[in-house]
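*Asks:* Would you mind keeping the following structure in view while I ask a few things?
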Amino acid sequence: MMDLTNYIGPKYNDFVQKLLDDRQTRYLGIKLITPFTVVLVLLICAAAVVALYRLAFGIGAASNLSDAWPWGLWISFDVLGGVCMAAGGFLIAGAVYICGLEKYHCVARAAILNAFFGYLLAAISICMDIGRSVVIWKALISSQINSIMFIVAIHVVLYTSTLATESSPMFFEKVGWDGARHKVSRCMVGVALFGVLLSLLHQSSLGAVYLIAPGKLSQIWYSQWIPYCFLLSAIMLGLSMVSFETILTGKVWNHPPPRDVLSGLGRGTLIAGILYLALKVFILLDTPGLVGMVTDGSFLGNLYLLEMAVGVVLPIVLLSFKAVRNNIHRLFAVDILVISGVLLNRLNVGIFGVQEFATRSGGDYFPSAMEWILTLGMIAFAILGFKLCAKYLNLFPQHH
Amino acid sequence: MESDAFSAVRQQLGGISRRDFIKFCSVVAAGMGLPLGAGEKMAEAVVAARRPPVIWLSFQECTGCVESLLRSNHPTLEHLILDLISLDYSETLSAAAGHQVEAAKAASILQNKGKFILVVDGAIPTKDKGIYCKIGGKTALEILNETAPHAGAIIAMGSCASWGGVAAAGSNPTEAKGIPELLPGKKVVSIPGCPPNPYNLLSTVLYFLTFNKLPDLDEKGRPRFAYGRIIHECCERRPHFDAGRFAMQFGDDMHRLGGCLYKLGCKGPETYANCSSISFGETGTGTWPVGIGHPCFGCSEKGVGFGTSLYTLANVKGLTPPIFFSEAFPNTPGVSGGIKSMAMGAGGLVVGAAGAALLTGLGKNDEGEPPRGPEKKGPGAQHKEG
Amino acid sequence: MPISRRDLLKGAASGGLLLASGVPAHATMSTTLPPNAVGFLYDATLCIGCKSCVVNCKIKNCEPGGALYQEGMTKPPYETKGPGNSGQWDETQELTGKTLSVIKVYKNGTCQTKDAEVNGYAFFKQQCMHCITPACASVCPGGAFKKDPDNGSVYYIASKCIGCRYCQIACPFGLPRYEWDRAWPEVRKCQHCRHITKKGGITACAESCPTGATVFGKVTDLREEAKRRLALKPGDEYQFPIQTVHSRNRQPRKVARYVDKVYGLTEVGGTQNILLSGVSFELLGFRKYLKNQALPELTWHYIAKIPWVFAGVFIGGTAIYKITHRKEGDKS
């Protein structure tokens, strides 16, 4: 480690030294400079360039959005998808701190950090997607309680701060700020509870965003229950994501995944999945003609069937077997199914489900190259950030 | 080499060059939309030895139509009546008067039975057996019925002769009617207008003389070359109509700038005539009512001219070409291309990921059963509260 | 157990209950017509497609205070060239961030007869409908769309806008348009010429319409006029008012055959601009499955539950925590 005392003084040098001390995590075998990391960095740089271009020249210049298609890839995938992928954070925090399920403690740090990056990804994407990024704070002070977006904005800000607070202990621990760490630990329960509350509201509010548009969102997805559909699918996805990244980090780094945790997560996903499927079936039966609409081989009907089959039905069937829940590889496969299926659901609601109005008015949309670059760059940022934190912070306390 | 006939005419016409003469005929032919060779044919017809006879009857008229004729330039009036046609009877232009001119008319009719061109201007009153217009002791109706059966072609000149015009306006106290209405079986050419452009008449007459038949007529007997389109279609202020630049009051800014006069009651959109194309008086463009700033009042159109208020809005006939409007609701069915490709891509990725995951993951056998107790600790692990 | 944790939880639970008690039982957006609600009646059978309204709307709104006005503007903005757009400022094809009102056409077959559904054509004026309970105003997170409490016009405050375009999603007619080509964009839509109507004038479109297809007035008067016209027989002559619904300036015309419906009385809770047409409204782009319910109510049903969620989670969470950590407390 380089001695920077001469440049920044002994106190700051001490801080930096402590932060960059990776002896604790050396057993994980994380290498910083790998081909994959290089690709991530390149993507992030490209995304940064695109972001600057978009700020300088406007959204029309950087994307293919138009009046017929005001919301596209950034909202549907980055924001909706990013937020639901980060649902694992509040679930694990709630499980550990409120429900006292200590066995999940070992995955808590990674799950919360993952959620934190997920929300950062979503928040930065929102900033990029709105036209007047610099005044985004105006959405927080307007007291527009009729607007779901106002509520979502407040939630995002509060929850990101909550996640930051929940993630801070490992940071404080690393740099030796024990006093701060103690203070945070003492109110962790309250913070976790606050986080659970915010997340429950936030996840369903993103679905409620579409309540105002019954004429635009296809009946296949639109119903008064859409916020609860979003919530249940987010819970399903959140648990799967925690399981996925635990197994993945176990595969690429030297970190044996805790099997009973994974088994428990699998059970959680199964229960959430059953509830979600039950709600969806209820909606199908409650809305006259809906069963016909999804089974008639139409464009939207097929997308719905695909999303339900891959994201809900198949995982439920597979997870009901203990042989699947107790097998890491099979769990991994099921996690991939759930992730693809639920992300497809977000795309369905955000883009494909609203296509009829736009197409009939003569509009068309396919994300521009810049939109893809920014999305991939944001994902790369989340992955790289996680990797750096795994290397320099104690993400996997081995006390299980 | 000049032909004998042409030399004779050349002397008569005071030395007009052959080239100028052919030019005149070509111009007239072009004005009527006839093919190139027609000009020469016309020239030949005109220099035929015998000038064709024309009898011009005038009834309930203001003489405006004759005045309009006086202001033609090609041919000038003197060339027309002295060298091109034989105007055997005209109340305005005949040198003779009284019994002499009536006798001349009778003689001409007798001599040229079936060959003369009868031009009528002015409407004919029909109330009380038509006594409200009498010339030389006879009612207009009688004169018409005496003359018309022997004519080779009948042309109603002006709105009054075509459909009644101003004479039939308002309550029509004399029950004035136009010529076509009074000669139901006969083919009558109408040249409506108040007054019409003289070239509408001249071109029709020359056409008849050249080809021995009348030009293409519409269902009201009007020659299509002049009355086939509404004024609105060729109006120089049309772009202003299409862009919504209207004069709201006489003398306001838009009026001074030459804006469309529709809001002031211009009847161009429902009047068939060619005033907007050829104007009047040949002093350049814009010498017609709209061009000088007053809305057209539809003088040539029955039911519009003298029938509706000057400042009532016209009924617009004919849609501005649809390319200038976008469709209210294109109603494109199905799914647009970009979305379809995106969906295919997303669906493909999902199916691919799912398939790959299932194929590679499901079959794998895990080593050993999941342990119940705590895992073996790795090196460097510490007990820390999180 | 440290005292601070317990206190925190207690405080949070009671705070949640407090919030829950203070919520009104109904949506905060009014669903009734404001006292002096104004709008215009657009009669498609009278429209001749002259586009005087489009042009004058642009001219008047480029004045200071107008919806299109920007600092230093000397002439109306030119459209960006694009498909179907000639790049002119007065020949617009579509509503955009620079065009607040546009005339479009419905055409079928040979387009010979006006206001005929088959082999005919009809004109249609597209602009903001000024809903009685506007979805755009309810969904704006910054509060940039406001409904005037007196005359009901829905207007835009650019300084509050963050450019999220939720209004474009929410509007059931798809009317607000965005300045995609600017780095500091605004949302644009008809604002009833607020800078003119506030001083007692009338909207530019109504003022310039030569045939009286667009007449301005109080919504109650407009509704009466619309019903009056529907009661007339096609072919009767009627004195149609020009510019305002009670104008003395009238033009006699034959009444055309109307579709027996006034659009805007109940759709999405009612709109202040209402329409009459000779062809079915669906052909003009008005979608058939628009509810007769104000859209903000749909969201409000969800939002009204939020304080209960607060209370529920705090109380439930505290209870679960107590239960699961009671054993710990016993142990220690």
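Every chain in the structure tokens has a letter given in the order shown (A, B, ...), and although residue numbers restart at 1 in each chain, ligands are simply numbered from 1 in the order shown.
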Out of region 93-217 of chain C, which residues get helix (DSSP H, G or I) from DSSP, as a list in words?
*Replies:* Ala135, Cys136, Ala137, Ser138, Val139, Ala158, Ser159, Lys160, Tyr166, Cys167, Gln168, Ile169, Ala170, Arg194, His195, Ile196, Thr197, Ala204, Cys205, Ala206, Glu207 and Ser208 of chain C
*Asks:* Given the selection you just returned, output its residues as a file containing N, CA and C atoms, formatted as a PDB file, in the first residue's frame.
*Replies:*
```
ATOM      1  N   ALA C 135     -56.131  14.615 -15.229  1.00  0.00           N
ATOM      2  CA  ALA C 135     -55.168  13.600 -14.806  1.00  0.00           C
ATOM      3  C   ALA C 135     -53.764  14.191 -14.761  1.00  0.00           C
ATOM      4  N   CYS C 136     -53.466  15.070 -15.719  1.00  0.00           N
ATOM      5  CA  CYS C 136     -52.122  15.634 -15.763  1.00  0.00           C
ATOM      6  C   CYS C 136     -51.808  16.415 -14.498  1.00  0.00           C
ATOM      7  N   ALA C 137     -52.770  17.192 -14.030  1.00  0.00           N
ATOM      8  CA  ALA C 137     -52.517  17.987 -12.828  1.00  0.00           C
ATOM      9  C   ALA C 137     -52.381  17.091 -11.604  1.00  0.00           C
ATOM     10  N   SER C 138     -53.087  15.964 -11.616  1.00  0.00           N
ATOM     11  CA  SER C 138     -53.025  15.115 -10.429  1.00  0.00           C
ATOM     12  C   SER C 138     -51.722  14.338 -10.358  1.00  0.00           C
ATOM     13  N   VAL C 139     -51.158  13.982 -11.512  1.00  0.00           N
ATOM     14  CA  VAL C 139     -49.972  13.131 -11.456  1.00  0.00           C
ATOM     15  C   VAL C 139     -48.659  13.907 -11.420  1.00  0.00           C
ATOM     16  N   ALA C 158     -43.797  26.380 -15.715  1.00  0.00           N
ATOM     17  CA  ALA C 158     -42.554  25.747 -16.148  1.00  0.00           C
ATOM     18  C   ALA C 158     -41.539  25.640 -15.033  1.00  0.00           C
ATOM     19  N   SER C 159     -41.553  26.591 -14.097  1.00  0.00           N
ATOM     20  CA  SER C 159     -40.512  26.577 -13.079  1.00  0.00           C
ATOM     21  C   SER C 159     -40.653  25.390 -12.136  1.00  0.00           C
ATOM     22  N   LYS C 160     -41.826  24.753 -12.127  1.00  0.00           N
ATOM     23  CA  LYS C 160     -41.983  23.619 -11.227  1.00  0.00           C
ATOM     24  C   LYS C 160     -41.774  22.280 -11.923  1.00  0.00           C
ATOM     25  N   TYR C 166     -44.718  12.251 -16.903  1.00  0.00           N
ATOM     26  CA  TYR C 166     -45.806  11.424 -16.385  1.00  0.00           C
ATOM     27  C   TYR C 166     -47.140  11.941 -16.921  1.00  0.00           C
ATOM     28  N   CYS C 167     -47.217  13.250 -17.143  1.00  0.00           N
ATOM     29  CA  CYS C 167     -48.449  13.825 -17.674  1.00  0.00           C
ATOM     30  C   CYS C 167     -48.769  13.240 -19.039  1.00  0.00           C
ATOM     31  N   GLN C 168     -47.750  12.939 -19.820  1.00  0.00           N
ATOM     32  CA  GLN C 168     -47.995  12.372 -21.145  1.00  0.00           C
ATOM     33  C   GLN C 168     -48.576  10.972 -21.032  1.00  0.00           C
ATOM     34  N   ILE C 169     -48.134  10.229 -20.007  1.00  0.00           N
ATOM     35  CA  ILE C 169     -48.684   8.894 -19.794  1.00  0.00           C
ATOM     36  C   ILE C 169     -50.115   9.005 -19.275  1.00  0.00           C
ATOM     37  N   ALA C 170     -50.316   9.969 -18.360  1.00  0.00           N
ATOM     38  CA  ALA C 170     -51.605  10.038 -17.676  1.00  0.00           C
ATOM     39  C   ALA C 170     -52.726  10.552 -18.561  1.00  0.00           C
ATOM     40  N   ARG C 194     -54.402  31.847 -21.596  1.00  0.00           N
ATOM     41  CA  ARG C 194     -54.593  32.372 -20.246  1.00  0.00           C
ATOM     42  C   ARG C 194     -54.243  33.848 -20.121  1.00  0.00           C
ATOM     43  N   HIS C 195     -53.191  34.248 -20.833  1.00  0.00           N
ATOM     44  CA  HIS C 195     -52.776  35.642 -20.697  1.00  0.00           C
ATOM     45  C   HIS C 195     -53.813  36.589 -21.312  1.00  0.00           C
ATOM     46  N   ILE C 196     -54.687  36.067 -22.169  1.00  0.00           N
ATOM     47  CA  ILE C 196     -55.727  36.890 -22.780  1.00  0.00           C
ATOM     48  C   ILE C 196     -57.039  36.743 -22.017  1.00  0.00           C
ATOM     49  N   THR C 197     -57.384  35.503 -21.664  1.00  0.00           N
ATOM     50  CA  THR C 197     -58.680  35.289 -21.010  1.00  0.00           C
ATOM     51  C   THR C 197     -58.705  35.870 -19.604  1.00  0.00           C
ATOM     52  N   ALA C 204     -57.564  32.626 -28.824  1.00  0.00           N
ATOM     53  CA  ALA C 204     -57.184  33.020 -30.180  1.00  0.00           C
ATOM     54  C   ALA C 204     -57.898  32.197 -31.232  1.00  0.00           C
ATOM     55  N   CYS C 205     -58.082  30.929 -30.966  1.00  0.00           N
ATOM     56  CA  CYS C 205     -58.727  30.073 -31.965  1.00  0.00           C
ATOM     57  C   CYS C 205     -60.166  30.500 -32.196  1.00  0.00           C
ATOM     58  N   ALA C 206     -60.894  30.766 -31.132  1.00  0.00           N
ATOM     59  CA  ALA C 206     -62.294  31.178 -31.292  1.00  0.00           C
ATOM     60  C   ALA C 206     -62.370  32.533 -31.966  1.00  0.00           C
ATOM     61  N   GLU C 207     -61.429  33.397 -31.630  1.00  0.00           N
ATOM     62  CA  GLU C 207     -61.472  34.733 -32.191  1.00  0.00           C
ATOM     63  C   GLU C 207     -61.271  34.709 -33.697  1.00  0.00           C
ATOM     64  N   SER C 208     -60.434  33.799 -34.169  1.00  0.00           N
ATOM     65  CA  SER C 208     -60.099  33.841 -35.582  1.00  0.00           C
ATOM     66  C   SER C 208     -60.928  32.900 -36.440  1.00  0.00           C
TER      67      SER C 208
END
```
*Asks:* Could you give me, as a list in words, the residues within 12 Å of Met2 (chain A), counting only C-alpha atoms and dropping anything in the same chain fewer than 2 positions from it?
*Replies:*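 Here the answer would be Leu4, Thr5, Asn6, Tyr7, Asn13, Asp14, Val16, Gln17, Lys18, Leu20 and Asp21 of chain A.
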*Asks:* Got a sec to pull out which chain B residues are within 6 Å of chain C, counting only C-alpha atoms, and send them as a ChimeraX atom specification?
*Replies:* /B:241-244,263,325-329
*Asks:* Which residue is closest to chain B? Choose from A:Gly363, A:Gly89, A:Gly268, A:Gly190 and count only C-alpha atoms.
*Replies:*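 The shortest atom-to-atom distance to chain B comes from A:Gly363.
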*Asks:* Within 10 Å of Ala86 (chain A), counting only C-alpha atoms, which residues show up once you throw out same-chain ones fewer than 5 positions away? Write them as a PyMOL selection string, please.
*Replies:* chain A and resi 81+91+111-122+199+203+234-235+237-239+241-242
*Asks:* Could you give me, as a list of chain:residue names, the residues within 10 Å of Gly303 (chain B), counting only C-alpha atoms and dropping anything in the same chain fewer than 4 positions from it?
*Replies:*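 So, after excluding close chain neighbours, the residues are B:Trp163, B:Gly165, B:Ala169, B:Thr271, B:Gly298, B:Cys299, B:Gly307, B:Thr308.
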*Asks:* Residues of chain C near chain A: apply a cut-off of 8 Å, count only C-alpha atoms, and supply the list as a PyMOL selection string.
*Replies:* chain C and resi 2+4-5+8-9+27-29+96+135+138-143+160-165+168-172+174+177-178+180-185+287+289-290+295-296+298-300+302-303+306+309-310+313-314+317-318+320-321+324-325
*Asks:* If the cut-off is 6 Å, can you tell me the residues of chain A near chain B, counting only C-alpha atoms? I'd like them as a short mmCIF file (atom, residue, chain, number, x, y, z; two decimals) with N, CA and C atoms, in the first residue's frame.
*Replies:*
```cif
data_model
loop_
_atom_site.label_atom_id
_atom_site.label_comp_id
_atom_site.auth_asym_id
_atom_site.auth_seq_id
_atom_site.Cartn_x
_atom_site.Cartn_y
_atom_site.Cartn_z
N GLN A 24 -8.34 -8.77 4.90
CA GLN A 24 -9.45 -9.54 5.43
C GLN A 24 -10.16 -10.36 4.35
N ARG A 259 -25.84 -23.08 2.78
CA ARG A 259 -26.90 -23.82 2.12
C ARG A 259 -28.27 -23.68 2.75
N ASN A 327 -30.39 -28.01 -3.66
CA ASN A 327 -29.31 -28.15 -4.64
C ASN A 327 -28.96 -26.78 -5.19
N HIS A 329 -27.10 -25.74 -7.64
CA HIS A 329 -27.13 -25.51 -9.08
C HIS A 329 -28.56 -25.37 -9.58
N ARG A 330 -29.42 -26.19 -8.99
CA ARG A 330 -30.82 -26.11 -9.42
C ARG A 330 -31.45 -24.80 -8.95
N ALA A 333 -30.48 -22.12 -11.28
CA ALA A 333 -31.28 -22.14 -12.51
C ALA A 333 -32.64 -21.50 -12.27
N LEU A 337 -34.57 -18.15 -13.86
CA LEU A 337 -35.92 -18.13 -14.40
C LEU A 337 -36.74 -16.98 -13.82
N SER A 340 -35.47 -13.52 -15.08
CA SER A 340 -35.89 -13.19 -16.45
C SER A 340 -37.37 -12.92 -16.52
N THR A 359 -49.05 2.70 -31.20
CA THR A 359 -49.03 2.19 -32.58
C THR A 359 -50.22 2.72 -33.36
N ARG A 360 -51.39 2.74 -32.74
CA ARG A 360 -52.56 3.22 -33.46
C ARG A 360 -52.45 4.68 -33.82
N SER A 361 -51.69 5.43 -33.03
CA SER A 361 -51.51 6.84 -33.36
C SER A 361 -50.37 7.03 -34.34
N ASP A 364 -43.71 4.72 -33.14
CA ASP A 364 -42.88 3.52 -33.07
C ASP A 364 -41.70 3.80 -32.15
N TYR A 365 -41.15 2.74 -31.58
CA TYR A 365 -40.04 2.94 -30.66
C TYR A 365 -39.13 1.74 -30.65
N PHE A 366 -37.85 1.99 -30.75
CA PHE A 366 -36.84 0.99 -30.44
C PHE A 366 -35.70 1.75 -29.80
N GLN A 398 -17.84 -14.41 8.23
CA GLN A 398 -17.94 -15.86 8.24
C GLN A 398 -18.25 -16.38 9.62
N HIS A 399 -19.37 -15.98 10.15
CA HIS A 399 -19.70 -16.48 11.48
C HIS A 399 -20.88 -17.42 11.45
N HIS A 400 -21.25 -17.80 10.24
CA HIS A 400 -22.44 -18.64 10.10
C HIS A 400 -22.18 -20.07 10.61
#
```
